[in-house]
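Down below is the structure, laid out as structure tokens.
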Amino acid sequence: MGFLNSTTSFTRLNIMEEVPKDLLPQIQELLIKYSFKDIDNVALDRSFGWTSFDDMLDTNWERSICDKADYICFSLRLDTRRVPPAVLKKHTRLALIEEERQLLEQGKKFVSKERRAEIRDKVKLDMMTRFLPIPAEFQVVWSLQRNMIYLASTQQKIVDMFIEKFVETFNLHLEPLSAYPLALQILGEDASKELDEITASNFI
Amino acid sequence: MQESLGTTIEMTLGQEFLTWLWYNSEEKNGTYHTIEGQNPYVVYISNRIVVRGGEGDAIETASVSGVNSSLKEAKLGLTIGKLVVSALVHLEKEGLEWKVGIKAEDFALNSFKTPAVSKEDKDDDNPDALFLEKIYFIEQGLDLINDCYQQFLQIRLNNSDWAKEVKKIGEWINL
């Protein structure tokens with residue numbers, strides 16, 4: 001999802017502290033340090049990190065830079081590997097049948113609970129290497145003038161993931177601008193007492 | 001701010017802001033002047049609105065949409081105590097138009113549409129020209145939303161002004 005599309009869904013996030021001046025020249029370097037790591041050939045179910053705003057495959061910013069005038073632009077890339085439950089169920093069952101057959105040859109009857117769990121995990125790991133992860137990209141625009149971030153997603157899960165990674169990378173804290181924090185931003189912190197006293201109005 | 005209290009205030013502010021916008025768009029042609037007193041702009045709600053009422057298992061949601069829809073069924077919901085939970089908001093200023101879906105719960109901005117960015121006449125030397133024009137329009141739209149929200153807050157936080165506004169909104173609902 002991107003800001004250059006004809007429509008964009010996004011969340012505004014306020015940077016809660018002033019950005020230290022000495023951080024600005026380090027941003028590109030920090031983005032690379034916490035960049036997205038590919039899991040195409042690794043049996044992991046999820047990976048997320050930063051990548052280029054202009055090309056989600058350019059995780060080292062070899063073909064672009066993150067600066068665009070007064071904005072820092074990058075993307076959150078999230079790759080998720082999903083093994084369809086029906087496939088997992090089928091192959092777990094096949095593996096259990098094979099295990100039971102081998103046990104019978106040894107004169108045993110039952111597969112223990114622990115061994116069943118082991119087989120399930122092994123099948124899952126095996127299946128994970130056979131399904132490619134699904135890539136997703138969520139563009140990020142950081143307005144230096146407004147001390148504000150625009151994240152091209154309104155999904156709570158993605159917003160939480162983004163905040164976690166942003167704090168880890170820049171040690172700056174973020175607050176999504178819902179109605180209450182936006183009111184405080186517009187009116188100033190002094191308005192918090194009045195806002196806290198608000199109760200729902202009865203229009204009818 | 002306590003979390004439970006905060007959650008209620010978030011929702012209340014969001015719902016009342018969207019309801020106030022809707023009332024203004026029908027009763028006052030949605031015309032505003034910026035806080036700084038610059039050129040007027042228009043904000044109105046049309047085409048899509050969601051209202052919700054009730055509690056627990058008895059929560060009922062009514063979603064009304066349609067080009068040129070008068071949203072009558074949604075307004076009927078207001079008469080029985082439902083509240084606006086999301087709406088498609090149109091903004092117009094100096095011949096430019098924005099559209100955005102705003103949710104009361106979190107103020108997330110859905111399907112934000114800005115004035116069209118002209119792909120022709122772009123400076124070939126600046127590969128970011130398109131992006132910069134687009135973000136300029138996005139921030140212009142955000143400024144209008146903020147300005148409008150500020151005007152709502154000024155009325156909302158003044159007890160006597162808000163009491164008058166609630167009465168007028170009530171009359172509009174029951175029209």
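In the structure tokens, chains take the letters A, B, ... in the order shown, each chain's residues start at 1, and ligands count up from 1 in the order shown.
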What are the DSSP alpha helix (DSSP H) residues of region 30-87 of chain B, as a PyMOL selection string? chain B and resi 72-79
Please provide as number ranges by chain all residues within 8 Å of region 168-176 of chain A, with the sequence filter that same-chain residues fewer than 5 positions apart are discarded (counting only C-alpha atoms). A: 11-17, 19, 23, 27, 30-31, 34, 163, 181
If you run DSSP on the backbone here, which positions in region 82-124 of chain B get strand (DSSP E)? Please write them as an NGL selection string. :B and (83-93 or 96-103 or 109-113)
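Excluding Phe162 (chain A) and any residue on its chain fewer than 6 positions from it, the residues at most 10 Å away by only C-alpha atoms are Phe48, Gly49, Trp50, Ser75, Leu76, Arg77, Phe138, Val140, Leu151, Ser153, Gln156, Glu168 and Leu174 of chain A.
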Okay, now the selection with N, CA, C and O atoms, as a PDB file, in the first residue's frame?
```pdb
ATOM      1  N   PHE A  48      10.222  -9.002   9.530  1.00  0.00           N
ATOM      2  CA  PHE A  48       9.853  -7.626   9.190  1.00  0.00           C
ATOM      3  C   PHE A  48      10.997  -6.675   9.511  1.00  0.00           C
ATOM      4  O   PHE A  48      11.784  -6.900  10.425  1.00  0.00           O
ATOM      5  N   GLY A  49      11.076  -5.627   8.681  1.00  0.00           N
ATOM      6  CA  GLY A  49      12.140  -4.643   8.851  1.00  0.00           C
ATOM      7  C   GLY A  49      11.995  -3.581   7.786  1.00  0.00           C
ATOM      8  O   GLY A  49      11.045  -3.570   7.000  1.00  0.00           O
ATOM      9  N   TRP A  50      12.972  -2.672   7.733  1.00  0.00           N
ATOM     10  CA  TRP A  50      12.858  -1.532   6.812  1.00  0.00           C
ATOM     11  C   TRP A  50      13.372  -1.856   5.423  1.00  0.00           C
ATOM     12  O   TRP A  50      14.296  -2.647   5.257  1.00  0.00           O
ATOM     13  N   SER A  75       9.994   2.084   3.903  1.00  0.00           N
ATOM     14  CA  SER A  75       8.838   1.192   3.994  1.00  0.00           C
ATOM     15  C   SER A  75       9.070   0.145   5.067  1.00  0.00           C
ATOM     16  O   SER A  75      10.218  -0.237   5.326  1.00  0.00           O
ATOM     17  N   LEU A  76       7.971  -0.305   5.653  1.00  0.00           N
ATOM     18  CA  LEU A  76       8.026  -1.478   6.523  1.00  0.00           C
ATOM     19  C   LEU A  76       7.690  -2.668   5.635  1.00  0.00           C
ATOM     20  O   LEU A  76       6.632  -2.694   5.014  1.00  0.00           O
ATOM     21  N   ARG A  77       8.631  -3.594   5.554  1.00  0.00           N
ATOM     22  CA  ARG A  77       8.345  -4.797   4.760  1.00  0.00           C
ATOM     23  C   ARG A  77       8.067  -5.943   5.714  1.00  0.00           C
ATOM     24  O   ARG A  77       8.801  -6.161   6.681  1.00  0.00           O
ATOM     25  N   PHE A 138       4.458  -1.575   3.575  1.00  0.00           N
ATOM     26  CA  PHE A 138       3.672  -0.456   4.121  1.00  0.00           C
ATOM     27  C   PHE A 138       4.571   0.777   4.123  1.00  0.00           C
ATOM     28  O   PHE A 138       5.539   0.842   4.882  1.00  0.00           O
ATOM     29  N   VAL A 140       6.169   4.454   4.605  1.00  0.00           N
ATOM     30  CA  VAL A 140       6.282   5.334   5.771  1.00  0.00           C
ATOM     31  C   VAL A 140       6.820   6.688   5.301  1.00  0.00           C
ATOM     32  O   VAL A 140       7.808   6.743   4.574  1.00  0.00           O
ATOM     33  N   LEU A 151       1.939   6.392   8.330  1.00  0.00           N
ATOM     34  CA  LEU A 151       2.161   4.966   8.031  1.00  0.00           C
ATOM     35  C   LEU A 151       0.995   4.468   7.185  1.00  0.00           C
ATOM     36  O   LEU A 151      -0.164   4.575   7.603  1.00  0.00           O
ATOM     37  N   SER A 153      -0.984   2.216   6.678  1.00  0.00           N
ATOM     38  CA  SER A 153      -1.802   1.093   7.148  1.00  0.00           C
ATOM     39  C   SER A 153      -2.707   1.595   8.270  1.00  0.00           C
ATOM     40  O   SER A 153      -2.313   2.486   9.033  1.00  0.00           O
ATOM     41  N   GLN A 156      -4.369  -2.422  13.195  1.00  0.00           N
ATOM     42  CA  GLN A 156      -3.738  -2.284  14.519  1.00  0.00           C
ATOM     43  C   GLN A 156      -2.474  -3.129  14.629  1.00  0.00           C
ATOM     44  O   GLN A 156      -1.461  -2.690  15.171  1.00  0.00           O
ATOM     45  N   GLU A 168      12.820   0.554  18.390  1.00  0.00           N
ATOM     46  CA  GLU A 168      14.069  -0.221  18.406  1.00  0.00           C
ATOM     47  C   GLU A 168      15.148   0.463  17.553  1.00  0.00           C
ATOM     48  O   GLU A 168      16.318   0.517  17.920  1.00  0.00           O
ATOM     49  N   LEU A 174       6.347   6.827  19.754  1.00  0.00           N
ATOM     50  CA  LEU A 174       5.269   7.270  18.859  1.00  0.00           C
ATOM     51  C   LEU A 174       3.906   7.099  19.512  1.00  0.00           C
ATOM     52  O   LEU A 174       3.715   6.195  20.323  1.00  0.00           O
TER      53      LEU A 174
END
```
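Proximity of B:Gly54, B:Gly95, B:Gly170, B:Gly141 to chain A, computed with only C-alpha atoms, is greatest for B:Gly170.
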Kindly determine which residues of chain B lie within 6 Å of chain A, considering only C-alpha atoms, and give the answer as a list of chain:residue names.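 Listed by rising number, the hits are B:Glu10, B:Thr12, B:Gly14, B:Asp106, B:Phe107, B:Ala108, B:Leu109, B:Asn110, B:Ser111, B:Phe112, B:Lys113, B:Val166, B:Gly170.
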Write out the residues from the selection above, keeping N, CA, C and O atoms, as a CSV table (one decimal), in the first residue's frame.
```
chain,number,residue,atom,x,y,z
B,10,GLU,N,-12.1,9.0,23.8
B,10,GLU,CA,-11.7,8.8,22.4
B,10,GLU,C,-13.0,8.6,21.5
B,10,GLU,O,-13.1,9.3,20.6
B,12,THR,N,-16.1,9.0,22.3
B,12,THR,CA,-17.1,10.1,22.4
B,12,THR,C,-16.7,11.3,21.5
B,12,THR,O,-17.5,11.8,20.8
B,14,GLY,N,-14.7,11.3,18.9
B,14,GLY,CA,-14.8,10.9,17.5
B,14,GLY,C,-16.3,10.9,17.0
B,14,GLY,O,-16.6,11.4,16.0
B,106,ASP,N,-10.6,5.5,16.2
B,106,ASP,CA,-9.2,5.7,16.2
B,106,ASP,C,-8.7,6.8,15.3
B,106,ASP,O,-7.5,7.1,15.1
B,107,PHE,N,-9.7,7.5,14.6
B,107,PHE,CA,-9.4,8.5,13.6
B,107,PHE,C,-8.5,8.0,12.5
B,107,PHE,O,-7.7,8.8,11.9
B,108,ALA,N,-8.5,6.7,12.2
B,108,ALA,CA,-7.7,6.2,11.1
B,108,ALA,C,-8.3,6.8,9.8
B,108,ALA,O,-9.5,7.0,9.8
B,109,LEU,N,-7.5,7.1,8.9
B,109,LEU,CA,-7.9,7.7,7.6
B,109,LEU,C,-7.9,6.7,6.5
B,109,LEU,O,-6.9,6.2,6.1
B,110,ASN,N,-9.1,6.4,6.1
B,110,ASN,CA,-9.3,5.3,5.1
B,110,ASN,C,-9.5,5.9,3.7
B,110,ASN,O,-10.3,6.8,3.6
B,111,SER,N,-8.9,5.2,2.7
B,111,SER,CA,-9.1,5.6,1.3
B,111,SER,C,-9.1,7.1,1.1
B,111,SER,O,-10.0,7.8,0.5
B,112,PHE,N,-8.0,7.7,1.6
B,112,PHE,CA,-7.8,9.2,1.5
B,112,PHE,C,-7.5,9.5,0.0
B,112,PHE,O,-6.5,9.0,-0.5
B,113,LYS,N,-8.4,10.3,-0.6
B,113,LYS,CA,-8.2,10.7,-2.0
B,113,LYS,C,-7.9,12.2,-2.0
B,113,LYS,O,-8.6,13.0,-1.5
B,166,VAL,N,-25.9,21.0,21.1
B,166,VAL,CA,-26.6,19.7,21.3
B,166,VAL,C,-28.1,19.9,21.0
B,166,VAL,O,-28.7,19.0,20.4
B,170,GLY,N,-30.1,18.0,18.1
B,170,GLY,CA,-31.3,17.2,18.5
B,170,GLY,C,-32.5,17.6,17.6
B,170,GLY,O,-33.2,16.7,17.1
```
One-decimal distance in Å that lies between CA of Thr92 (chain A) and CA of Val123 (chain A):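 Taking CA of Val123 (chain A) as the start and CA of Thr92 (chain A) as the end point, the length is 6.0 Å.
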As a check of understanding: the span from CA of Glu60 (chain B) to CA of Ile173 (chain B) is 18.6 Å
Got a sec: who's within 8 Å of Val64 (chain B), counting only C-alpha atoms, leaving out chain neighbours fewer than 5 positions off, as a ChimeraX atom specification? /B:47-50,71,73-74
